[in-house]
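Printed here is entry18.txt (compact mmCIF, C-alpha atoms):
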# COMPACT_ATOMS: atom_id res chain seq x y z
CA MET A 835 0.00 0.00 0.00
CA MET A 836 2.83 2.37 0.88
CA MET A 837 4.59 1.63 -2.44
CA ARG A 838 1.38 2.30 -4.37
CA SER A 839 0.93 5.63 -2.60
CA PHE A 840 4.54 6.56 -3.31
CA LEU A 841 4.20 5.73 -7.01
CA ALA A 842 0.89 7.59 -7.24
CA PHE A 843 2.50 10.66 -5.70
CA TRP A 844 5.36 10.70 -8.20
CA ILE A 845 3.08 10.08 -11.17
CA LEU A 846 0.92 13.02 -10.08
CA ALA A 847 4.02 15.17 -9.58
CA LEU A 848 5.36 14.31 -13.03
CA VAL A 849 2.01 15.07 -14.63
CA SER A 850 1.86 18.42 -12.82
CA VAL A 851 5.38 19.32 -13.98
CA GLY A 852 4.42 18.39 -17.54
CA VAL A 853 1.30 20.56 -17.45
CA LEU A 854 3.31 23.49 -16.04
CA ALA A 855 5.96 23.10 -18.75
CA ASP A 856 3.26 23.04 -21.42
CA SER A 857 1.64 26.19 -20.02
CA ILE A 858 4.92 28.07 -19.98
CA GLN A 859 5.81 26.99 -23.52
CA GLU A 860 2.38 28.04 -24.79
CA ALA A 861 2.54 31.35 -22.92
CA LYS A 862 5.96 32.05 -24.47
CA VAL A 863 4.56 32.02 -28.02
CA PRO A 864 3.08 35.57 -28.11
CA VAL A 865 5.97 36.96 -26.04
CA ASP A 866 8.65 35.44 -28.26
CA HIS A 867 6.83 36.75 -31.32
CA LEU A 868 6.64 40.25 -29.83
CA ASN A 869 10.32 40.20 -28.87
CA GLN A 870 11.37 38.98 -32.32
CA GLU A 871 9.38 41.76 -33.96
CA LEU A 872 10.92 44.37 -31.66
CA ILE A 873 14.42 43.24 -32.65
CA ALA A 874 13.38 43.34 -36.32
CA LEU A 875 11.97 46.81 -35.71
CA MET A 876 15.31 48.03 -34.40
CA ARG A 877 17.27 46.36 -37.19
CA GLY A 878 15.24 48.21 -39.83
CA GLY A 879 14.56 51.26 -37.71
CA LYS A 880 16.40 53.93 -39.70
CA GLN A 881 15.20 52.68 -43.07
CA LEU A 882 11.60 52.32 -41.95
CA GLY A 883 11.31 55.66 -40.19
CA TYR A 884 8.69 56.25 -37.50
CA GLU A 885 5.64 55.67 -39.70
CA GLY A 886 7.15 52.49 -41.12
CA ARG A 887 7.99 51.18 -37.67
CA LEU A 888 4.48 52.00 -36.45
CA LYS A 889 2.90 50.17 -39.38
CA LYS A 890 5.16 47.17 -38.82
CA ILE A 891 4.67 46.77 -35.08
CA ASP A 892 0.94 47.54 -34.74
CA PRO A 893 -0.33 44.13 -35.96
CA THR A 894 1.99 42.39 -33.49
CA VAL A 895 0.79 44.59 -30.64
CA ARG A 896 -2.81 43.74 -31.53
CA GLN A 897 -2.02 40.02 -31.52
CA SER A 898 0.16 39.94 -28.41
CA PHE A 899 -1.92 41.88 -25.86
CA MET A 900 -5.40 41.35 -24.45
CA PHE A 901 -6.44 45.00 -24.46
CA GLU A 902 -9.84 44.47 -22.87
CA ALA A 903 -8.21 43.01 -19.75
CA VAL A 904 -5.47 45.65 -19.82
CA ALA A 905 -8.04 48.43 -20.13
CA GLN A 906 -10.09 47.16 -17.20
CA ILE A 907 -7.03 47.11 -14.96
CA ALA A 908 -5.81 50.51 -16.20
CA LEU A 909 -9.10 52.25 -15.38
CA GLY A 910 -9.91 50.38 -12.19
CA THR A 911 -13.40 51.10 -10.87
CA HIS A 912 -14.00 53.65 -13.64
CA TRP A 913 -14.23 50.86 -16.23
CA LYS A 914 -17.67 49.69 -15.08
CA LYS A 915 -19.05 53.23 -15.33
CA LEU A 916 -18.29 53.50 -19.07
CA ASP A 917 -20.71 52.53 -21.82
CA GLU A 918 -19.63 50.14 -24.59
CA ALA A 919 -18.67 52.93 -27.02
CA GLN A 920 -16.44 54.54 -24.40
CA LYS A 921 -14.79 51.21 -23.57
CA LEU A 922 -13.99 50.60 -27.23
CA GLU A 923 -12.70 54.15 -27.64
CA PHE A 924 -10.36 53.78 -24.68
CA MET A 925 -9.08 50.39 -25.83
CA ASP A 926 -8.34 51.79 -29.30
CA LYS A 927 -6.46 54.76 -27.90
CA TYR A 928 -4.52 52.55 -25.47
CA ARG A 929 -3.47 50.26 -28.32
CA GLU A 930 -2.52 53.20 -30.55
CA LEU A 931 -0.36 54.67 -27.79
CA SER A 932 1.25 51.29 -27.08
CA SER A 933 2.20 50.86 -30.75
CA ALA A 934 3.40 54.46 -30.96
CA THR A 935 5.58 53.97 -27.88
CA TYR A 936 7.22 50.87 -29.35
CA ALA A 937 7.77 52.63 -32.70
CA SER A 938 9.43 55.59 -30.97
CA GLN A 939 11.61 53.66 -28.52
CA PHE A 940 12.75 50.64 -30.55
CA LYS A 941 14.29 52.53 -33.45
CA GLU A 942 18.02 51.71 -33.52
CA TYR A 943 19.83 48.38 -33.37
CA GLU A 944 23.05 48.04 -31.39
CA GLY A 945 23.28 44.29 -31.03
CA GLU A 946 20.36 43.85 -28.64
CA LYS A 947 18.80 40.44 -28.05
CA PHE A 948 16.14 38.99 -25.78
CA ASP A 949 17.27 36.01 -23.68
CA TYR A 950 14.64 33.89 -21.95
CA GLU A 951 15.48 33.36 -18.28
CA SER A 952 12.59 31.63 -16.52
CA GLY A 953 8.86 31.09 -16.26
CA GLN A 954 6.55 30.78 -13.28
CA GLU A 955 2.90 29.78 -13.11
CA LEU A 956 1.14 32.06 -10.61
CA LYS A 957 -2.10 30.12 -10.94
CA PRO A 958 -3.82 28.11 -13.71
CA GLY A 959 -4.05 30.33 -16.77
CA ARG A 960 -1.61 32.96 -15.52
CA VAL A 961 2.17 32.91 -16.05
CA VAL A 962 5.10 35.27 -15.52
CA LEU A 963 7.94 35.01 -18.05
CA ARG A 964 11.32 36.64 -17.42
CA TYR A 965 13.63 37.79 -20.19
CA ASP A 966 16.81 39.84 -20.31
CA LEU A 967 17.20 42.44 -23.03
CA ALA A 968 20.95 42.40 -23.46
CA ALA A 969 22.88 45.11 -25.26
CA PRO A 970 26.64 45.78 -25.49
CA LYS A 971 26.58 48.42 -22.74
CA GLU A 972 23.54 47.57 -20.64
CA LYS A 973 20.95 44.96 -19.72
CA HIS A 974 17.28 45.29 -18.80
CA THR A 975 14.98 42.73 -17.20
CA PHE A 976 11.52 42.25 -18.70
CA GLU A 977 8.77 40.39 -16.84
CA TYR A 978 5.78 39.54 -19.02
CA HIS A 979 2.53 38.77 -17.22
CA VAL A 980 0.63 36.49 -19.58
CA SER A 981 -2.90 35.15 -19.11
CA GLN A 982 -5.05 32.67 -20.98
CA PHE A 983 -8.29 33.90 -22.56
CA ASN A 984 -10.55 31.34 -24.25
CA GLY A 985 -7.58 29.08 -24.85
CA GLU A 986 -5.27 31.82 -26.17
CA TRP A 987 -2.34 33.29 -24.26
CA ARG A 988 -2.00 37.08 -24.32
CA VAL A 989 0.17 39.64 -22.55
CA VAL A 990 -1.54 41.70 -19.86
CA ASN A 991 1.35 43.62 -18.33
CA ILE A 992 5.10 44.19 -18.71
CA VAL A 993 7.39 45.01 -15.80
CA VAL A 994 10.74 46.48 -16.89
CA ASP A 995 13.52 46.61 -14.31
CA GLY A 996 10.93 46.28 -11.57
CA ILE A 997 8.66 49.05 -12.87
CA SER A 998 5.15 48.01 -13.92
CA ASP A 999 3.95 49.78 -17.06
CA LEU A 1000 0.32 49.03 -16.25
CA GLU A 1001 0.53 50.30 -12.68
CA LEU A 1002 2.08 53.57 -13.87
CA ARG A 1003 -0.64 54.06 -16.45
CA LYS A 1004 -3.38 53.17 -13.98
CA ALA A 1005 -2.15 55.84 -11.56
CA GLN A 1006 -2.05 58.44 -14.35
CA TYR A 1007 -5.32 57.55 -16.06
CA THR A 1008 -7.49 57.22 -12.98
CA SER A 1009 -6.10 60.51 -11.69
CA VAL A 1010 -7.10 62.29 -14.91
CA ILE A 1011 -10.61 60.83 -14.82
CA ASP A 1012 -11.01 61.78 -11.16
CA ARG A 1013 -9.99 65.39 -11.85
CA GLU A 1014 -11.25 66.06 -15.37
CA GLY A 1015 -13.41 63.18 -16.58
CA PHE A 1016 -13.20 60.46 -19.22
CA GLU A 1017 -13.25 62.72 -22.29
CA ALA A 1018 -10.25 64.62 -20.95
CA LEU A 1019 -8.34 61.35 -20.67
CA ILE A 1020 -9.14 60.45 -24.29
CA ALA A 1021 -8.01 63.91 -25.41
CA LYS A 1022 -4.72 63.56 -23.50
CA LEU A 1023 -4.06 60.13 -25.02
CA ALA A 1024 -4.75 61.48 -28.52
CA GLU A 1025 -2.40 64.41 -27.82
CA LYS A 1026 0.32 62.02 -26.60
CA ILE A 1027 0.00 59.91 -29.76
CA ALA A 1028 0.21 63.02 -31.96
CA ASP A 1029 3.23 64.36 -30.02
CA THR A 1030 5.01 61.02 -30.37
CA ALA A 1031 4.53 61.11 -34.14
CA LYS A 1032 5.65 64.76 -34.33
CA ASN A 1033 8.77 64.19 -32.19
CA ASN A 1034 9.82 61.20 -34.31
CA ALA A 1035 9.10 62.69 -37.72
CA GLY A 1036 11.91 63.00 -40.25
Rewrite the structure from the file as structure tokens, please.
Amino acid sequence: MMMRSFLAFWILALVSVGVLADSIQEAKVPVDHLNQELIALMRGGKQLGYEGRLKKIDPTVRQSFMFEAVAQIALGTHWKKLDEAQKLEFMDKYRELSSATYASQFKEYEGEKFDYESGQELKPGRVVLRYDLAAPKEKHTFEYHVSQFNGEWRVVNIVVDGISDLELRKAQYTSVIDREGFEALIAKLAEKIADTAKNNAG
């Protein structure tokens, strides 16, 4: 009886390890694709120009992130107060700004590469993946928080060198809504997108 219990324990443990490994490998797919496209963006950055980089990265941003979940977290309790048109408007602006930010920041290649470090399952359907972005003179740590939605893994948040992008945006966005309202937030996002294009023109 003791031997049977021992064998059953190890079989269960091996199955659990296998399921965890599968989850991490599946969760890595959108992240690896995003990272590969960011490196490609930098490699062709000067030739593409800002508009070319924006056009190239936007489809990948759409595919890699779950913007409905991101938007809900970013707006906190304000999300439930919005109607469907407002929710869609915010998600669109958030995505546009995300793509614009990538196009403006990943514009020159100096030998950078993303190295996968580790993965951790926080709970079923939610994984944290750690990568190093290595360059000749510096290194940055990226933590991708990836969740499963209807069988598909998508990025929800990125923490760079310990700083959560989503938490920063949540603090900013909810503060604007509290002070000035939702329409003011949309106007500020549109202004930021326009400024990013203007500052990267030419």
Item to check | Straight-line distance linking CA of His974 (chain A) with CA of Thr935 (chain A), stated in Å to one decimal | outcome: 17.2 Å
Item to check | Shortest interatomic distance to Asp866 (chain A) - which of A:Arg960, A:Lys947, A:Lys1026, A:Lys914, counting all atoms listed in the file | outcome: A:Lys947
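Applying the 10 Å criterion to (11.8, 36.2, -15.1) in file coordinates and using all atoms listed in the file, one obtains the residues Tyr950, Glu951, Ser952, Gly953, Gln954, Val962, Leu963, Arg964, Tyr965, Asp966, Thr975, Phe976, Glu977, Tyr978, His979 and Val993 of chain A.
Picture a line from CA of Ser938 (chain A) to CA of Gly1015 (chain A); it runs 28.0 Å.
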Checklist entry - Separation of CA of Glu955 (chain A) and CA of Val904 (chain A), in Å? => result 19.2 Å
Select from region 925-983 of chain A every residue with an atom at most 7 Å from any atom of region 869-885 of chain A, then for each give the shortest pair of atoms and their distance in Å to one decimal, using only C-alpha atoms, rows by chain and rising number, as a tab-separated table.
residue	atom	partner	partner_atom	distance
A:Ala937	CA	A:Tyr884	CA	6.1
A:Ser938	CA	A:Tyr884	CA	6.6
A:Phe940	CA	A:Met876	CA	5.3
A:Lys941	CA	A:Gly879	CA	4.5
A:Glu942	CA	A:Met876	CA	4.7
A:Tyr943	CA	A:Met876	CA	4.6
A:Lys947	CA	A:Ile873	CA	6.9
A:Phe948	CA	A:Asn869	CA	6.7
Checklist entry - Can you tell me, as a PyMOL selection string, what residues are no more than 7 Å from Arg988 (chain A) when counting all atoms listed in the file, ignoring any on the same chain fewer than 5 positions away? => result chain A and resi 864+898-900+980-982
Next on the checklist: If we count only C-alpha atoms and set the cut-off at 12 Å, which residues sit around Lys971 (chain A), ignoring sequence neighbours fewer than 2 positions away in its own chain? Please answer as a list in words.
Outcome noted: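 Result of the neighbour search: Glu944, Gly945, Glu946, Leu967, Ala968, Ala969, Lys973 and His974 of chain A.
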Item to check | Spatial neighbours of region 996-1013 of chain A, max dist 10 Å, only C-alpha atoms, sep filter under 6 positions, as an MDAnalysis selection string | outcome: chainID A and resid 904:913 928 974:978 990 1019:1020 1022:1023
Restricting the output to C-alpha atoms, write the selected residues as a PDB file, keeping the file's coordinate frame.
ATOM      1  CA  VAL A 904      -5.470  45.650 -19.820  1.00  0.00           C
ATOM      2  CA  ALA A 905      -8.040  48.430 -20.130  1.00  0.00           C
ATOM      3  CA  GLN A 906     -10.090  47.160 -17.200  1.00  0.00           C
ATOM      4  CA  ILE A 907      -7.030  47.110 -14.960  1.00  0.00           C
ATOM      5  CA  ALA A 908      -5.810  50.510 -16.200  1.00  0.00           C
ATOM      6  CA  LEU A 909      -9.100  52.250 -15.380  1.00  0.00           C
ATOM      7  CA  GLY A 910      -9.910  50.380 -12.190  1.00  0.00           C
ATOM      8  CA  THR A 911     -13.400  51.100 -10.870  1.00  0.00           C
ATOM      9  CA  HIS A 912     -14.000  53.650 -13.640  1.00  0.00           C
ATOM     10  CA  TRP A 913     -14.230  50.860 -16.230  1.00  0.00           C
ATOM     11  CA  TYR A 928      -4.520  52.550 -25.470  1.00  0.00           C
ATOM     12  CA  HIS A 974      17.280  45.290 -18.800  1.00  0.00           C
ATOM     13  CA  THR A 975      14.980  42.730 -17.200  1.00  0.00           C
ATOM     14  CA  PHE A 976      11.520  42.250 -18.700  1.00  0.00           C
ATOM     15  CA  GLU A 977       8.770  40.390 -16.840  1.00  0.00           C
ATOM     16  CA  TYR A 978       5.780  39.540 -19.020  1.00  0.00           C
ATOM     17  CA  VAL A 990      -1.540  41.700 -19.860  1.00  0.00           C
ATOM     18  CA  LEU A1019      -8.340  61.350 -20.670  1.00  0.00           C
ATOM     19  CA  ILE A1020      -9.140  60.450 -24.290  1.00  0.00           C
ATOM     20  CA  LYS A1022      -4.720  63.560 -23.500  1.00  0.00           C
ATOM     21  CA  LEU A1023      -4.060  60.130 -25.020  1.00  0.00           C
TER      22      LEU A1023
END
N, CA, C and O atoms for region 912-927 of chain A, written as an mmCIF file, in the coordinates of the input, could you do that?
data_model
loop_
_atom_site.group_PDB
_atom_site.id
_atom_site.type_symbol
_atom_site.label_atom_id
_atom_site.label_comp_id
_atom_site.auth_asym_id
_atom_site.auth_seq_id
_atom_site.Cartn_x
_atom_site.Cartn_y
_atom_site.Cartn_z
ATOM 1 N N HIS A 912 -13.376 52.808 -12.615
ATOM 2 C CA HIS A 912 -14.000 53.650 -13.640
ATOM 3 C C HIS A 912 -14.494 52.833 -14.832
ATOM 4 O O HIS A 912 -15.403 53.278 -15.544
ATOM 5 N N TRP A 913 -13.890 51.666 -15.057
ATOM 6 C CA TRP A 913 -14.230 50.860 -16.230
ATOM 7 C C TRP A 913 -15.722 50.510 -16.260
ATOM 8 O O TRP A 913 -16.384 50.628 -17.299
ATOM 9 N N LYS A 914 -16.273 50.116 -15.131
ATOM 10 C CA LYS A 914 -17.670 49.690 -15.080
ATOM 11 C C LYS A 914 -18.646 50.843 -15.316
ATOM 12 O O LYS A 914 -19.811 50.612 -15.652
ATOM 13 N N LYS A 915 -18.188 52.063 -15.150
ATOM 14 C CA LYS A 915 -19.050 53.230 -15.330
ATOM 15 C C LYS A 915 -19.149 53.662 -16.792
ATOM 16 O O LYS A 915 -19.981 54.508 -17.134
ATOM 17 N N LEU A 916 -18.304 53.101 -17.666
ATOM 18 C CA LEU A 916 -18.290 53.500 -19.070
ATOM 19 C C LEU A 916 -19.309 52.692 -19.870
ATOM 20 O O LEU A 916 -19.581 51.528 -19.558
ATOM 21 N N ASP A 917 -19.848 53.303 -20.917
ATOM 22 C CA ASP A 917 -20.710 52.530 -21.820
ATOM 23 C C ASP A 917 -19.815 51.809 -22.836
ATOM 24 O O ASP A 917 -18.594 52.000 -22.855
ATOM 25 N N GLU A 918 -20.417 50.977 -23.681
ATOM 26 C CA GLU A 918 -19.630 50.140 -24.590
ATOM 27 C C GLU A 918 -18.818 50.977 -25.571
ATOM 28 O O GLU A 918 -17.666 50.638 -25.893
ATOM 29 N N ALA A 919 -19.390 52.071 -26.066
ATOM 30 C CA ALA A 919 -18.670 52.930 -27.020
ATOM 31 C C ALA A 919 -17.437 53.540 -26.364
ATOM 32 O O ALA A 919 -16.369 53.632 -26.982
ATOM 33 N N GLN A 920 -17.571 53.949 -25.119
ATOM 34 C CA GLN A 920 -16.440 54.540 -24.400
ATOM 35 C C GLN A 920 -15.350 53.494 -24.137
ATOM 36 O O GLN A 920 -14.153 53.788 -24.256
ATOM 37 N N LYS A 921 -15.763 52.282 -23.802
ATOM 38 C CA LYS A 921 -14.790 51.210 -23.570
ATOM 39 C C LYS A 921 -13.980 50.930 -24.833
ATOM 40 O O LYS A 921 -12.749 50.803 -24.793
ATOM 41 N N LEU A 922 -14.668 50.847 -25.963
ATOM 42 C CA LEU A 922 -13.990 50.600 -27.230
ATOM 43 C C LEU A 922 -13.063 51.756 -27.589
ATOM 44 O O LEU A 922 -11.958 51.544 -28.095
ATOM 45 N N GLU A 923 -13.513 52.969 -27.332
ATOM 46 C CA GLU A 923 -12.700 54.150 -27.640
ATOM 47 C C GLU A 923 -11.423 54.145 -26.811
ATOM 48 O O GLU A 923 -10.330 54.417 -27.340
ATOM 49 N N PHE A 924 -11.550 53.814 -25.531
ATOM 50 C CA PHE A 924 -10.360 53.780 -24.680
ATOM 51 C C PHE A 924 -9.402 52.669 -25.115
ATOM 52 O O PHE A 924 -8.179 52.883 -25.178
ATOM 53 N N MET A 925 -9.935 51.486 -25.404
ATOM 54 C CA MET A 925 -9.080 50.390 -25.830
ATOM 55 C C MET A 925 -8.318 50.735 -27.108
ATOM 56 O O MET A 925 -7.127 50.427 -27.249
ATOM 57 N N ASP A 926 -8.992 51.384 -28.047
ATOM 58 C CA ASP A 926 -8.340 51.790 -29.300
ATOM 59 C C ASP A 926 -7.211 52.772 -29.042
ATOM 60 O O ASP A 926 -6.123 52.650 -29.602
ATOM 61 N N LYS A 927 -7.474 53.764 -28.197
ATOM 62 C CA LYS A 927 -6.460 54.760 -27.900
ATOM 63 C C LYS A 927 -5.283 54.140 -27.131
ATOM 64 O O LYS A 927 -4.113 54.488 -27.364
#
